[in-house]
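Printed here is input_27.pdb (PDB, C-alpha atoms and all ligand atoms):
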ATOM      1  CA  MET A1234      17.371  46.333  -2.472  1.00  0.00           C
ATOM      2  CA  TYR A1235      16.021  43.529  -4.680  1.00  0.00           C
ATOM      3  CA  ILE A1236      13.034  41.692  -3.173  1.00  0.00           C
ATOM      4  CA  ILE A1237      11.893  38.246  -4.325  1.00  0.00           C
ATOM      5  CA  GLY A1238       8.608  36.626  -3.252  1.00  0.00           C
ATOM      6  CA  ILE A1239       8.386  32.808  -3.316  1.00  0.00           C
ATOM      7  CA  ALA A1240       4.945  31.242  -2.837  1.00  0.00           C
ATOM      8  CA  GLY A1241       3.583  27.712  -3.300  1.00  0.00           C
ATOM      9  CA  GLY A1242       1.675  25.119  -1.329  1.00  0.00           C
ATOM     10  CA  THR A1243       2.931  23.570   1.875  1.00  0.00           C
ATOM     11  CA  GLY A1244       5.672  21.035   1.097  1.00  0.00           C
ATOM     12  CA  SER A1245       6.131  22.344  -2.448  1.00  0.00           C
ATOM     13  CA  GLY A1246       9.811  23.121  -1.801  1.00  0.00           C
ATOM     14  CA  LYS A1247       9.722  26.915  -1.268  1.00  0.00           C
ATOM     15  CA  THR A1248      12.178  26.859   1.635  1.00  0.00           C
ATOM     16  CA  THR A1249      14.551  24.545  -0.221  1.00  0.00           C
ATOM     17  CA  VAL A1250      14.449  26.762  -3.334  1.00  0.00           C
ATOM     18  CA  ALA A1251      15.091  29.864  -1.198  1.00  0.00           C
ATOM     19  CA  TYR A1252      18.101  28.247   0.548  1.00  0.00           C
ATOM     20  CA  LYS A1253      19.581  27.067  -2.755  1.00  0.00           C
ATOM     21  CA  MET A1254      19.186  30.534  -4.243  1.00  0.00           C
ATOM     22  CA  ARG A1255      20.868  32.095  -1.196  1.00  0.00           C
ATOM     23  CA  GLU A1256      23.713  29.595  -1.446  1.00  0.00           C
ATOM     24  CA  ILE A1257      24.427  30.626  -5.057  1.00  0.00           C
ATOM     25  CA  LEU A1258      23.793  34.357  -4.544  1.00  0.00           C
ATOM     26  CA  GLY A1259      26.006  34.362  -1.432  1.00  0.00           C
ATOM     27  CA  THR A1260      25.009  34.851   2.213  1.00  0.00           C
ATOM     28  CA  GLU A1261      26.701  38.265   2.194  1.00  0.00           C
ATOM     29  CA  ASN A1262      24.259  39.370  -0.569  1.00  0.00           C
ATOM     30  CA  CYS A1263      21.086  37.525   0.265  1.00  0.00           C
ATOM     31  CA  GLU A1264      18.890  36.680   3.266  1.00  0.00           C
ATOM     32  CA  ILE A1265      15.602  34.795   3.623  1.00  0.00           C
ATOM     33  CA  LEU A1266      12.608  36.328   5.406  1.00  0.00           C
ATOM     34  CA  PRO A1267      10.295  33.377   6.201  1.00  0.00           C
ATOM     35  CA  MET A1268       6.625  34.263   6.323  1.00  0.00           C
ATOM     36  CA  ASP A1269       6.029  31.413   8.817  1.00  0.00           C
ATOM     37  CA  ASN A1270       7.792  33.579  11.424  1.00  0.00           C
ATOM     38  CA  TYR A1271       4.919  36.047  11.102  1.00  0.00           C
ATOM     39  CA  TYR A1272       2.187  33.661  12.279  1.00  0.00           C
ATOM     40  CA  ARG A1273       0.300  35.726  14.868  1.00  0.00           C
ATOM     41  CA  ASP A1274       1.445  35.697  18.458  1.00  0.00           C
ATOM     42  CA  LEU A1275      -0.956  33.431  20.383  1.00  0.00           C
ATOM     43  CA  SER A1276       1.047  33.210  23.604  1.00  0.00           C
ATOM     44  CA  HIS A1277      -1.979  34.532  25.561  1.00  0.00           C
ATOM     45  CA  GLU A1278      -3.911  31.331  24.679  1.00  0.00           C
ATOM     46  CA  THR A1279      -3.447  27.801  26.063  1.00  0.00           C
ATOM     47  CA  LEU A1280      -1.737  25.182  23.875  1.00  0.00           C
ATOM     48  CA  GLU A1281      -5.078  23.395  23.434  1.00  0.00           C
ATOM     49  CA  GLU A1282      -6.715  26.626  22.213  1.00  0.00           C
ATOM     50  CA  ARG A1283      -3.806  27.369  19.888  1.00  0.00           C
ATOM     51  CA  LYS A1284      -4.044  23.923  18.289  1.00  0.00           C
ATOM     52  CA  LYS A1285      -7.634  24.615  17.190  1.00  0.00           C
ATOM     53  CA  HIS A1286      -6.882  27.513  14.802  1.00  0.00           C
ATOM     54  CA  ASN A1287      -6.954  27.284  11.030  1.00  0.00           C
ATOM     55  CA  TYR A1288      -3.321  28.032  10.174  1.00  0.00           C
ATOM     56  CA  ASP A1289      -4.032  27.960   6.454  1.00  0.00           C
ATOM     57  CA  HIS A1290      -6.216  31.059   6.445  1.00  0.00           C
ATOM     58  CA  PRO A1291      -4.451  34.305   5.405  1.00  0.00           C
ATOM     59  CA  SER A1292      -5.771  36.080   8.543  1.00  0.00           C
ATOM     60  CA  MET A1293      -3.363  34.012  10.676  1.00  0.00           C
ATOM     61  CA  ILE A1294      -0.332  35.879   9.294  1.00  0.00           C
ATOM     62  CA  GLU A1295       0.551  39.300  10.720  1.00  0.00           C
ATOM     63  CA  ASN A1296       1.024  40.694   7.220  1.00  0.00           C
ATOM     64  CA  GLU A1297       0.953  44.325   8.474  1.00  0.00           C
ATOM     65  CA  LEU A1298       4.077  43.650  10.556  1.00  0.00           C
ATOM     66  CA  MET A1299       5.794  41.902   7.677  1.00  0.00           C
ATOM     67  CA  PHE A1300       5.042  44.876   5.413  1.00  0.00           C
ATOM     68  CA  GLU A1301       6.427  47.269   8.042  1.00  0.00           C
ATOM     69  CA  HIS A1302       9.564  45.128   8.425  1.00  0.00           C
ATOM     70  CA  LEU A1303      10.170  44.942   4.670  1.00  0.00           C
ATOM     71  CA  ASN A1304       9.927  48.735   4.473  1.00  0.00           C
ATOM     72  CA  MET A1305      12.389  49.072   7.361  1.00  0.00           C
ATOM     73  CA  LEU A1306      14.819  46.721   5.605  1.00  0.00           C
ATOM     74  CA  LYS A1307      14.507  48.839   2.457  1.00  0.00           C
ATOM     75  CA  GLU A1308      15.503  51.826   4.595  1.00  0.00           C
ATOM     76  CA  ASN A1309      18.552  49.824   5.683  1.00  0.00           C
ATOM     77  CA  LYS A1310      17.248  49.313   9.237  1.00  0.00           C
ATOM     78  CA  VAL A1311      17.702  46.179  11.370  1.00  0.00           C
ATOM     79  CA  ILE A1312      14.421  44.433  12.315  1.00  0.00           C
ATOM     80  CA  ASP A1313      13.375  42.134  15.177  1.00  0.00           C
ATOM     81  CA  LEU A1314      12.302  39.020  13.300  1.00  0.00           C
ATOM     82  CA  PRO A1315       9.773  37.016  15.360  1.00  0.00           C
ATOM     83  CA  GLU A1316      10.832  33.422  16.074  1.00  0.00           C
ATOM     84  CA  TYR A1317       8.120  30.786  15.674  1.00  0.00           C
ATOM     85  CA  ASP A1318       7.841  27.403  17.372  1.00  0.00           C
ATOM     86  CA  PHE A1319       5.572  24.988  15.452  1.00  0.00           C
ATOM     87  CA  SER A1320       5.437  22.454  18.271  1.00  0.00           C
ATOM     88  CA  GLN A1321       4.172  25.196  20.641  1.00  0.00           C
ATOM     89  CA  PHE A1322       1.986  26.836  17.952  1.00  0.00           C
ATOM     90  CA  THR A1323       3.251  30.300  18.855  1.00  0.00           C
ATOM     91  CA  ARG A1324       6.051  32.851  18.799  1.00  0.00           C
ATOM     92  CA  VAL A1325       8.979  32.413  21.132  1.00  0.00           C
ATOM     93  CA  GLY A1326      10.885  35.716  21.093  1.00  0.00           C
ATOM     94  CA  SER A1327      12.761  37.396  18.260  1.00  0.00           C
ATOM     95  CA  VAL A1328      16.173  37.680  16.592  1.00  0.00           C
ATOM     96  CA  LYS A1329      17.953  40.597  14.933  1.00  0.00           C
ATOM     97  CA  PHE A1330      17.710  40.485  11.115  1.00  0.00           C
ATOM     98  CA  GLU A1331      19.974  42.727   9.064  1.00  0.00           C
ATOM     99  CA  PRO A1332      19.224  44.218   5.638  1.00  0.00           C
ATOM    100  CA  LYS A1333      20.945  42.596   2.639  1.00  0.00           C
ATOM    101  CA  PRO A1334      20.982  43.622  -1.048  1.00  0.00           C
ATOM    102  CA  ILE A1335      18.651  40.691  -1.874  1.00  0.00           C
ATOM    103  CA  ILE A1336      15.767  39.647   0.388  1.00  0.00           C
ATOM    104  CA  ILE A1337      13.714  36.509  -0.308  1.00  0.00           C
ATOM    105  CA  VAL A1338      10.202  36.467   1.193  1.00  0.00           C
ATOM    106  CA  GLU A1339       9.065  32.853   1.354  1.00  0.00           C
ATOM    107  CA  GLY A1340       5.693  31.436   2.442  1.00  0.00           C
ATOM    108  CA  ILE A1341       2.383  29.922   1.346  1.00  0.00           C
ATOM    109  CA  PHE A1342       0.835  33.425   1.266  1.00  0.00           C
ATOM    110  CA  ALA A1343       3.847  35.259  -0.181  1.00  0.00           C
ATOM    111  CA  LEU A1344       1.807  36.225  -3.267  1.00  0.00           C
ATOM    112  CA  TYR A1345      -1.509  36.685  -1.448  1.00  0.00           C
ATOM    113  CA  TYR A1346      -1.270  40.171   0.114  1.00  0.00           C
ATOM    114  CA  GLU A1347      -1.387  42.979  -2.433  1.00  0.00           C
ATOM    115  CA  GLU A1348       0.817  45.368  -0.422  1.00  0.00           C
ATOM    116  CA  LEU A1349       3.556  42.725  -0.300  1.00  0.00           C
ATOM    117  CA  ARG A1350       3.200  41.787  -3.969  1.00  0.00           C
ATOM    118  CA  LYS A1351       3.789  45.421  -4.910  1.00  0.00           C
ATOM    119  CA  MET A1352       7.152  45.329  -3.146  1.00  0.00           C
ATOM    120  CA  TYR A1353       8.574  42.385  -5.098  1.00  0.00           C
ATOM    121  CA  ASP A1354      10.964  42.771  -8.007  1.00  0.00           C
ATOM    122  CA  LEU A1355      10.413  39.111  -8.873  1.00  0.00           C
ATOM    123  CA  ALA A1356       7.509  36.790  -7.971  1.00  0.00           C
ATOM    124  CA  ILE A1357       7.978  33.003  -8.022  1.00  0.00           C
ATOM    125  CA  TYR A1358       5.469  30.167  -7.487  1.00  0.00           C
ATOM    126  CA  VAL A1359       6.775  26.689  -6.696  1.00  0.00           C
ATOM    127  CA  ASP A1360       4.327  24.227  -8.220  1.00  0.00           C
ATOM    128  CA  THR A1361       4.310  20.654  -6.940  1.00  0.00           C
ATOM    129  CA  GLU A1362       1.578  18.005  -7.115  1.00  0.00           C
ATOM    130  CA  ASN A1363      -0.739  17.665  -4.107  1.00  0.00           C
ATOM    131  CA  ASP A1364       0.114  14.067  -3.236  1.00  0.00           C
ATOM    132  CA  ILE A1365       3.865  14.748  -3.314  1.00  0.00           C
ATOM    133  CA  ARG A1366       3.405  17.821  -1.143  1.00  0.00           C
ATOM    134  CA  PHE A1367       1.339  15.839   1.339  1.00  0.00           C
ATOM    135  CA  ILE A1368       3.974  13.088   1.639  1.00  0.00           C
ATOM    136  CA  ARG A1369       6.754  15.663   2.126  1.00  0.00           C
ATOM    137  CA  ARG A1370       4.709  17.495   4.734  1.00  0.00           C
ATOM    138  CA  LEU A1371       3.847  14.319   6.617  1.00  0.00           C
ATOM    139  CA  GLU A1372       7.523  13.389   6.945  1.00  0.00           C
ATOM    140  CA  ARG A1373       8.626  16.912   7.828  1.00  0.00           C
ATOM    141  CA  ASP A1374       5.891  17.664  10.375  1.00  0.00           C
ATOM    142  CA  ILE A1375       6.563  14.413  12.252  1.00  0.00           C
ATOM    143  CA  LYS A1376      10.376  14.851  12.159  1.00  0.00           C
ATOM    144  CA  GLU A1377      10.643  18.606  12.657  1.00  0.00           C
ATOM    145  CA  ARG A1378       7.370  20.110  13.882  1.00  0.00           C
ATOM    146  CA  GLY A1379       6.384  17.813  16.767  1.00  0.00           C
ATOM    147  CA  ARG A1380       3.284  16.358  15.043  1.00  0.00           C
ATOM    148  CA  ASP A1381       1.941  12.797  14.732  1.00  0.00           C
ATOM    149  CA  LEU A1382       0.393  10.856  11.831  1.00  0.00           C
ATOM    150  CA  ASP A1383      -3.220  11.392  12.951  1.00  0.00           C
ATOM    151  CA  SER A1384      -2.871  15.145  13.510  1.00  0.00           C
ATOM    152  CA  VAL A1385      -1.178  15.705  10.124  1.00  0.00           C
ATOM    153  CA  ILE A1386      -3.864  13.746   8.245  1.00  0.00           C
ATOM    154  CA  LYS A1387      -6.710  15.459  10.112  1.00  0.00           C
ATOM    155  CA  GLN A1388      -5.267  18.957   9.638  1.00  0.00           C
ATOM    156  CA  TYR A1389      -4.507  18.326   5.963  1.00  0.00           C
ATOM    157  CA  THR A1390      -8.057  17.119   5.252  1.00  0.00           C
ATOM    158  CA  ASN A1391      -9.922  19.709   7.328  1.00  0.00           C
ATOM    159  CA  THR A1392      -8.022  22.903   6.583  1.00  0.00           C
ATOM    160  CA  VAL A1393      -4.731  22.597   4.656  1.00  0.00           C
ATOM    161  CA  LYS A1394      -6.187  21.180   1.414  1.00  0.00           C
ATOM    162  CA  PRO A1395      -9.377  23.334   1.196  1.00  0.00           C
ATOM    163  CA  MET A1396      -7.489  26.522   2.114  1.00  0.00           C
ATOM    164  CA  HIS A1397      -4.745  25.718  -0.398  1.00  0.00           C
ATOM    165  CA  ASP A1398      -7.369  25.460  -3.140  1.00  0.00           C
ATOM    166  CA  ALA A1399      -9.085  28.690  -2.008  1.00  0.00           C
ATOM    167  CA  TYR A1400      -6.159  30.974  -1.104  1.00  0.00           C
ATOM    168  CA  VAL A1401      -2.777  29.612  -2.232  1.00  0.00           C
ATOM    169  CA  GLU A1402      -3.139  27.993  -5.646  1.00  0.00           C
ATOM    170  CA  PRO A1403      -5.103  31.019  -7.069  1.00  0.00           C
ATOM    171  CA  THR A1404      -2.050  33.252  -6.358  1.00  0.00           C
ATOM    172  CA  LYS A1405      -0.071  31.370  -9.020  1.00  0.00           C
ATOM    173  CA  LYS A1406      -1.425  33.916 -11.512  1.00  0.00           C
ATOM    174  CA  TYR A1407       0.699  36.628  -9.853  1.00  0.00           C
ATOM    175  CA  ALA A1408       3.969  34.763 -10.483  1.00  0.00           C
ATOM    176  CA  ASP A1409       6.541  35.936 -13.024  1.00  0.00           C
ATOM    177  CA  ILE A1410       8.071  32.455 -12.978  1.00  0.00           C
ATOM    178  CA  ILE A1411       6.686  29.021 -12.026  1.00  0.00           C
ATOM    179  CA  ILE A1412       9.199  26.439 -10.776  1.00  0.00           C
ATOM    180  CA  PRO A1413       7.948  22.858 -11.082  1.00  0.00           C
ATOM    181  CA  GLU A1414       8.755  20.327  -8.331  1.00  0.00           C
ATOM    182  CA  GLY A1415      10.650  22.644  -6.023  1.00  0.00           C
ATOM    183  CA  GLY A1416      13.984  22.290  -4.308  1.00  0.00           C
ATOM    184  CA  PHE A1417      15.857  19.882  -6.562  1.00  0.00           C
ATOM    185  CA  ASN A1418      15.016  21.634  -9.818  1.00  0.00           C
ATOM    186  CA  GLU A1419      18.613  22.802 -10.258  1.00  0.00           C
ATOM    187  CA  LYS A1420      18.117  24.095 -13.828  1.00  0.00           C
ATOM    188  CA  ALA A1421      15.194  26.343 -12.898  1.00  0.00           C
ATOM    189  CA  ILE A1422      17.038  27.679  -9.832  1.00  0.00           C
ATOM    190  CA  GLN A1423      20.149  28.417 -11.909  1.00  0.00           C
ATOM    191  CA  VAL A1424      18.102  30.258 -14.571  1.00  0.00           C
ATOM    192  CA  VAL A1425      16.424  32.404 -11.901  1.00  0.00           C
ATOM    193  CA  VAL A1426      19.713  33.176 -10.131  1.00  0.00           C
ATOM    194  CA  ASN A1427      21.425  34.130 -13.414  1.00  0.00           C
ATOM    195  CA  TYR A1428      18.545  36.520 -14.111  1.00  0.00           C
ATOM    196  CA  ILE A1429      18.916  38.102 -10.650  1.00  0.00           C
ATOM    197  CA  PHE A1430      22.705  38.459 -11.053  1.00  0.00           C
ATOM    198  CA  ARG A1431      22.164  40.294 -14.336  1.00  0.00           C
ATOM    199  CA  LYS A1432      19.620  42.636 -12.706  1.00  0.00           C
ATOM    200  CA  MET A1433      21.991  43.362  -9.814  1.00  0.00           C
ATOM    201  CA  LEU A1434      25.003  44.320 -12.002  1.00  0.00           C
TER
HETATM  202  N1  LIG B   1      12.322  18.531  -5.412  1.00  0.00           N
HETATM  203  C1  LIG B   1      12.277  17.867  -4.241  1.00  0.00           C
HETATM  204  N2  LIG B   1      12.317  16.520  -4.237  1.00  0.00           N
HETATM  205  C2  LIG B   1      12.240  15.827  -3.085  1.00  0.00           C
HETATM  206  N3  LIG B   1      12.131  16.395  -1.860  1.00  0.00           N
HETATM  207  C3  LIG B   1      12.094  17.730  -1.803  1.00  0.00           C
HETATM  208  C4  LIG B   1      12.163  18.553  -2.983  1.00  0.00           C
HETATM  209  N4  LIG B   1      12.091  19.850  -2.605  1.00  0.00           N
HETATM  210  C5  LIG B   1      11.971  19.840  -1.261  1.00  0.00           C
HETATM  211  N5  LIG B   1      11.994  18.575  -0.780  1.00  0.00           N
HETATM  212  C6  LIG B   1      11.855  18.129   0.633  1.00  0.00           C
HETATM  213  O1  LIG B   1      10.467  18.272   0.983  1.00  0.00           O
HETATM  214  C7  LIG B   1      10.321  18.797   2.303  1.00  0.00           C
HETATM  215  C8  LIG B   1       9.524  20.094   2.249  1.00  0.00           C
HETATM  216  O2  LIG B   1      10.292  21.042   1.522  1.00  0.00           O
HETATM  217  P1  LIG B   1      10.313  22.568   1.938  1.00  0.00           P
HETATM  218  O3  LIG B   1      11.332  23.248   1.098  1.00  0.00           O
HETATM  219  O4  LIG B   1      10.418  22.718   3.435  1.00  0.00           O
HETATM  220  O5  LIG B   1       8.841  22.971   1.465  1.00  0.00           O
HETATM  221  P2  LIG B   1       7.945  24.225   1.809  1.00  0.00           P
HETATM  222  O6  LIG B   1       8.852  25.303   2.343  1.00  0.00           O
HETATM  223  O7  LIG B   1       7.311  24.590   0.501  1.00  0.00           O
HETATM  224  O8  LIG B   1       6.926  23.756   2.815  1.00  0.00           O
HETATM  225  C9  LIG B   1      11.734  18.975   2.845  1.00  0.00           C
HETATM  226  O9  LIG B   1      12.031  17.843   3.641  1.00  0.00           O
HETATM  227  C10 LIG B   1      12.623  19.019   1.596  1.00  0.00           C
HETATM  228  O10 LIG B   1      13.917  18.505   1.822  1.00  0.00           O
HETATM  229  N1  LIG B   2       1.205  26.504  14.267  1.00  0.00           N
HETATM  230  C1  LIG B   2       1.217  26.204  12.964  1.00  0.00           C
HETATM  231  C2  LIG B   2       1.461  27.159  11.983  1.00  0.00           C
HETATM  232  C3  LIG B   2       1.467  26.752  10.654  1.00  0.00           C
HETATM  233  N2  LIG B   2       1.237  25.461  10.338  1.00  0.00           N
HETATM  234  C4  LIG B   2       1.257  25.009   8.941  1.00  0.00           C
HETATM  235  O1  LIG B   2       2.389  25.501   8.259  1.00  0.00           O
HETATM  236  C5  LIG B   2       2.128  25.485   6.878  1.00  0.00           C
HETATM  237  C6  LIG B   2       2.931  26.551   6.163  1.00  0.00           C
HETATM  238  O2  LIG B   2       4.298  26.293   6.292  1.00  0.00           O
HETATM  239  P1  LIG B   2       5.147  25.537   5.137  1.00  0.00           P
HETATM  240  O3  LIG B   2       6.552  25.669   5.640  1.00  0.00           O
HETATM  241  O4  LIG B   2       4.662  24.136   5.058  1.00  0.00           O
HETATM  242  O5  LIG B   2       4.911  26.299   3.878  1.00  0.00           O
HETATM  243  C7  LIG B   2       0.644  25.749   6.717  1.00  0.00           C
HETATM  244  O6  LIG B   2       0.109  24.862   5.746  1.00  0.00           O
HETATM  245  C8  LIG B   2       0.073  25.464   8.130  1.00  0.00           C
HETATM  246  O7  LIG B   2      -0.878  24.433   8.111  1.00  0.00           O
HETATM  247  C9  LIG B   2       0.985  24.534  11.329  1.00  0.00           C
HETATM  248  O8  LIG B   2       0.772  23.334  11.021  1.00  0.00           O
HETATM  249  N3  LIG B   2       0.988  24.920  12.623  1.00  0.00           N
END

Give the structure from the file, written as structure tokens.
Ligand SMILES: Nc1ncnc2c1ncn2[C@@H]1O[C@H](COP(=O)(O)OP(=O)(O)O)[C@@H](O)[C@H]1O
Ligand SMILES: Nc1ccn([C@@H]2O[C@H](COP(=O)(O)O)[C@@H](O)[C@H]2O)c(=O)n1
Amino acid sequence: MYIIGIAGGTGSGKTTVAYKMREILGTENCEILPMDNYYRDLSHETLEERKKHNYDHPSMIENELMFEHLNMLKENKVIDLPEYDFSQFTRVGSVKFEPKPIIIVEGIFALYYEELRKMYDLAIYVDTENDIRFIRRLERDIKERGRDLDSVIKQYTNTVKPMHDAYVEPTKKYADIIIPEGGFNEKAIQVVVNYIFRKML
């Protein structure tokens, strides 16, 4: 199994890059394991309590479970991938996830946890300017994650930006490759995919 880690700030284009890579590599060869699905299960708390957490601190990800799941996939076992609902701020069940020859781990903390980093054959950081990332996030969170203008601005200022500077951006140093501007950087994606194809032959 060939494992790729893709990190980068929120809104940098990690998910888009991962989907484009999977499209070229083929869905029969490649699957995406989103780190967002491993946000801790907070179903025992009320929605109001859940809204108060700092979701940009690495302790909010159940990295131990993700590590266990990646090892199971390497052993060719099917895992129960948690499903995550951003509008409810918690997990909402799970789905079966089958091993594939190429697994892409994608998330803001994909290069943060040492035990995960050691598992990657290739580490990528998607590097996009802060203001562009903020605009992308604002649009996406309102359209897709059940948020409003005020909540996105408040969250970005209070936690997203300071935590990005403290915990996400410093992980760029662990990347083998840095992709500028994210999802529509076709040339960079093609170069990376060609490299992976050569490694897989
Ligand atoms: N290079 C790009 N140019 C313009 N918009 C982009 C680009 N890459 C991604 N997007 C858009 O920005 C938003 C956030 O991208 P996404 O891939 O979800 O980022 P991330 O997973 O890093 O949070 C999405 O709506 C996506 O379509
Ligand atoms: N309940 C939650 C959980 C996470 N977030 C935010 O998601 C961001 C990471 O996801 P990306 O797809 O944008 O990389 C992270 O910055 C958290 O703030 C949230 O808002 N609510």

Here's the selection I'm unsure about, the PyMOL selection byres (((chain A and resi 1355-1370) around 6) and not hetatm); applied to the file above, which residues does it give, as a compact mmCIF listing (two decimals) with C-alpha atoms, in the frame of the given file?
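New file result.txt:
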# COMPACT_ATOMS: atom_id res chain seq x y z
CA ILE A 1237 11.89 38.25 -4.32
CA GLY A 1238 8.61 36.63 -3.25
CA ILE A 1239 8.39 32.81 -3.32
CA ALA A 1240 4.94 31.24 -2.84
CA GLY A 1241 3.58 27.71 -3.30
CA GLY A 1244 5.67 21.04 1.10
CA SER A 1245 6.13 22.34 -2.45
CA TYR A 1353 8.57 42.38 -5.10
CA ASP A 1354 10.96 42.77 -8.01
CA LEU A 1371 3.85 14.32 6.62
CA GLU A 1372 7.52 13.39 6.94
CA ARG A 1373 8.63 16.91 7.83
CA ASP A 1374 5.89 17.66 10.38
CA LYS A 1405 -0.07 31.37 -9.02
CA ALA A 1408 3.97 34.76 -10.48
CA ASP A 1409 6.54 35.94 -13.02
CA ILE A 1410 8.07 32.46 -12.98
CA ILE A 1411 6.69 29.02 -12.03
CA ILE A 1412 9.20 26.44 -10.78
CA PRO A 1413 7.95 22.86 -11.08
CA GLU A 1414 8.76 20.33 -8.33
CA GLY A 1415 10.65 22.64 -6.02

Review point. Got a sec to resolve the PyMOL selection byres (((chain A and resi 1322-1328) around 8) and not hetatm) on this structure and send the residues as JSON, numbers by chain?
Key: {"A": [1270, 1272, 1273, 1274, 1275, 1276, 1280, 1283, 1284, 1313, 1314, 1315, 1316, 1317, 1318, 1319, 1320, 1321, 1329, 1330]}

Practice item. May I ask for the distance between atom CA of A:Leu1258 and atom CA of A:Phe1417, given in Å to one decimal place? Key: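 Spanning atom CA of A:Leu1258 to atom CA of A:Phe1417 is a straight-line distance of 16.6 Å.
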
Practice item. Pull out every residue that the PyMOL selection byres (((not hetatm)) within 6 of (chain B and resi 2)) matches in the shown coordinates and put them as a list in words. Key: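 Output of the PyMOL selection byres (((not hetatm)) within 6 of (chain B and resi 2)): Thr1243, Gly1244, Asp1269, Tyr1288, Asp1289, Phe1319, Phe1322, Gly1340, Ile1341 and Val1393 of chain A.
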
Review point. Atom CA of A:Glu1264 to atom CA of A:Leu1306: how many Å, to one decimal?
Key: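 Between these atoms lies a distance of 11.1 Å.
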
Review point. Rounded to one decimal in Å, what is the spacing between atom N2 of ligand LIG 1 (chain B) and atom CA of A:Thr1404?
Key: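 One can read the atom N2 of ligand LIG 1 (chain B) to atom CA of A:Thr1404 distance as 22.2 Å.
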
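Using all atoms listed in the file, the nearest neighbour of A:Glu1295 within the list A:Ala1343, A:Ala1251, A:Met1268, A:Ile1335 is A:Met1268.
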
Practice item. Could you give me, as an NGL selection string, the residues within 8 Å of A:Val1250, counting only C-alpha atoms and dropping anything in the same chain fewer than 2 positions from it? Key: :A and (1246-1248 or 1252-1254 or 1415-1417 or 1422)

Check your understanding: In terms of the shortest atom-to-atom distance over all atoms listed in the file, which of A:Leu1344, A:Val1426, A:Met1234, A:Leu1266 is closest to A:Glu1308?
Key ->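 Looking at the shortest contact to A:Glu1308, the residue is A:Met1234.
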
Exercise for review: Using only C-alpha atoms, determine which residues lie at most 12 Å from A:Asn1391, disregarding the query and same-chain residues fewer than 4 positions distant; provide the list as a ChimeraX atom specification.
Suggested key: /A:1285-1290,1384-1387,1395-1397

Keeping only C-alpha atoms, take the residues you just selected and write them out as a compact mmCIF listing (two decimals), in the coordinates of the input.
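The result, written out as result-v2.txt:
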# COMPACT_ATOMS: atom_id res chain seq x y z
CA LYS A 1285 -7.63 24.62 17.19
CA HIS A 1286 -6.88 27.51 14.80
CA ASN A 1287 -6.95 27.28 11.03
CA TYR A 1288 -3.32 28.03 10.17
CA ASP A 1289 -4.03 27.96 6.45
CA HIS A 1290 -6.22 31.06 6.44
CA SER A 1384 -2.87 15.14 13.51
CA VAL A 1385 -1.18 15.70 10.12
CA ILE A 1386 -3.86 13.75 8.24
CA LYS A 1387 -6.71 15.46 10.11
CA PRO A 1395 -9.38 23.33 1.20
CA MET A 1396 -7.49 26.52 2.11
CA HIS A 1397 -4.74 25.72 -0.40

Since the input lacks some atoms of stretch 1303-1314 of chain A, please model N, CA and C atoms and print them as an mmCIF file, keeping the file's coordinate frame.
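Output saved as selection.cif:
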data_model
loop_
_atom_site.group_PDB
_atom_site.id
_atom_site.type_symbol
_atom_site.label_atom_id
_atom_site.label_comp_id
_atom_site.auth_asym_id
_atom_site.auth_seq_id
_atom_site.Cartn_x
_atom_site.Cartn_y
_atom_site.Cartn_z
ATOM 1 N N LEU A 1303 9.542 44.864 6.003
ATOM 2 C CA LEU A 1303 10.170 44.942 4.670
ATOM 3 C C LEU A 1303 10.532 46.392 4.335
ATOM 4 N N ASN A 1304 9.633 47.312 4.712
ATOM 5 C CA ASN A 1304 9.927 48.735 4.473
ATOM 6 C C ASN A 1304 11.128 49.195 5.289
ATOM 7 N N MET A 1305 11.232 48.711 6.527
ATOM 8 C CA MET A 1305 12.389 49.072 7.361
ATOM 9 C C MET A 1305 13.680 48.539 6.733
ATOM 10 N N LEU A 1306 13.633 47.306 6.234
ATOM 11 C CA LEU A 1306 14.819 46.721 5.605
ATOM 12 C C LEU A 1306 15.231 47.542 4.385
ATOM 13 N N LYS A 1307 14.220 47.992 3.633
ATOM 14 C CA LYS A 1307 14.507 48.839 2.457
ATOM 15 C C LYS A 1307 15.202 50.129 2.858
ATOM 16 N N GLU A 1308 14.867 50.600 4.084
ATOM 17 C CA GLU A 1308 15.503 51.826 4.595
ATOM 18 C C GLU A 1308 16.816 51.503 5.312
ATOM 19 N N ASN A 1309 17.281 50.271 5.121
ATOM 20 C CA ASN A 1309 18.552 49.824 5.683
ATOM 21 C C ASN A 1309 18.542 49.696 7.212
ATOM 22 N N LYS A 1310 17.356 49.457 7.779
ATOM 23 C CA LYS A 1310 17.248 49.313 9.237
ATOM 24 C C LYS A 1310 17.215 47.832 9.635
ATOM 25 N N VAL A 1311 17.744 47.547 10.833
ATOM 26 C CA VAL A 1311 17.702 46.179 11.370
ATOM 27 C C VAL A 1311 16.304 45.948 11.956
ATOM 28 N N ILE A 1312 15.752 44.740 11.746
ATOM 29 C CA ILE A 1312 14.421 44.433 12.315
ATOM 30 C C ILE A 1312 14.528 43.339 13.384
ATOM 31 N N ASP A 1313 13.490 43.236 14.219
ATOM 32 C CA ASP A 1313 13.375 42.134 15.177
ATOM 33 C C ASP A 1313 12.467 41.085 14.557
ATOM 34 N N LEU A 1314 13.085 40.075 13.973
ATOM 35 C CA LEU A 1314 12.302 39.020 13.300
ATOM 36 C C LEU A 1314 11.699 38.092 14.360
#
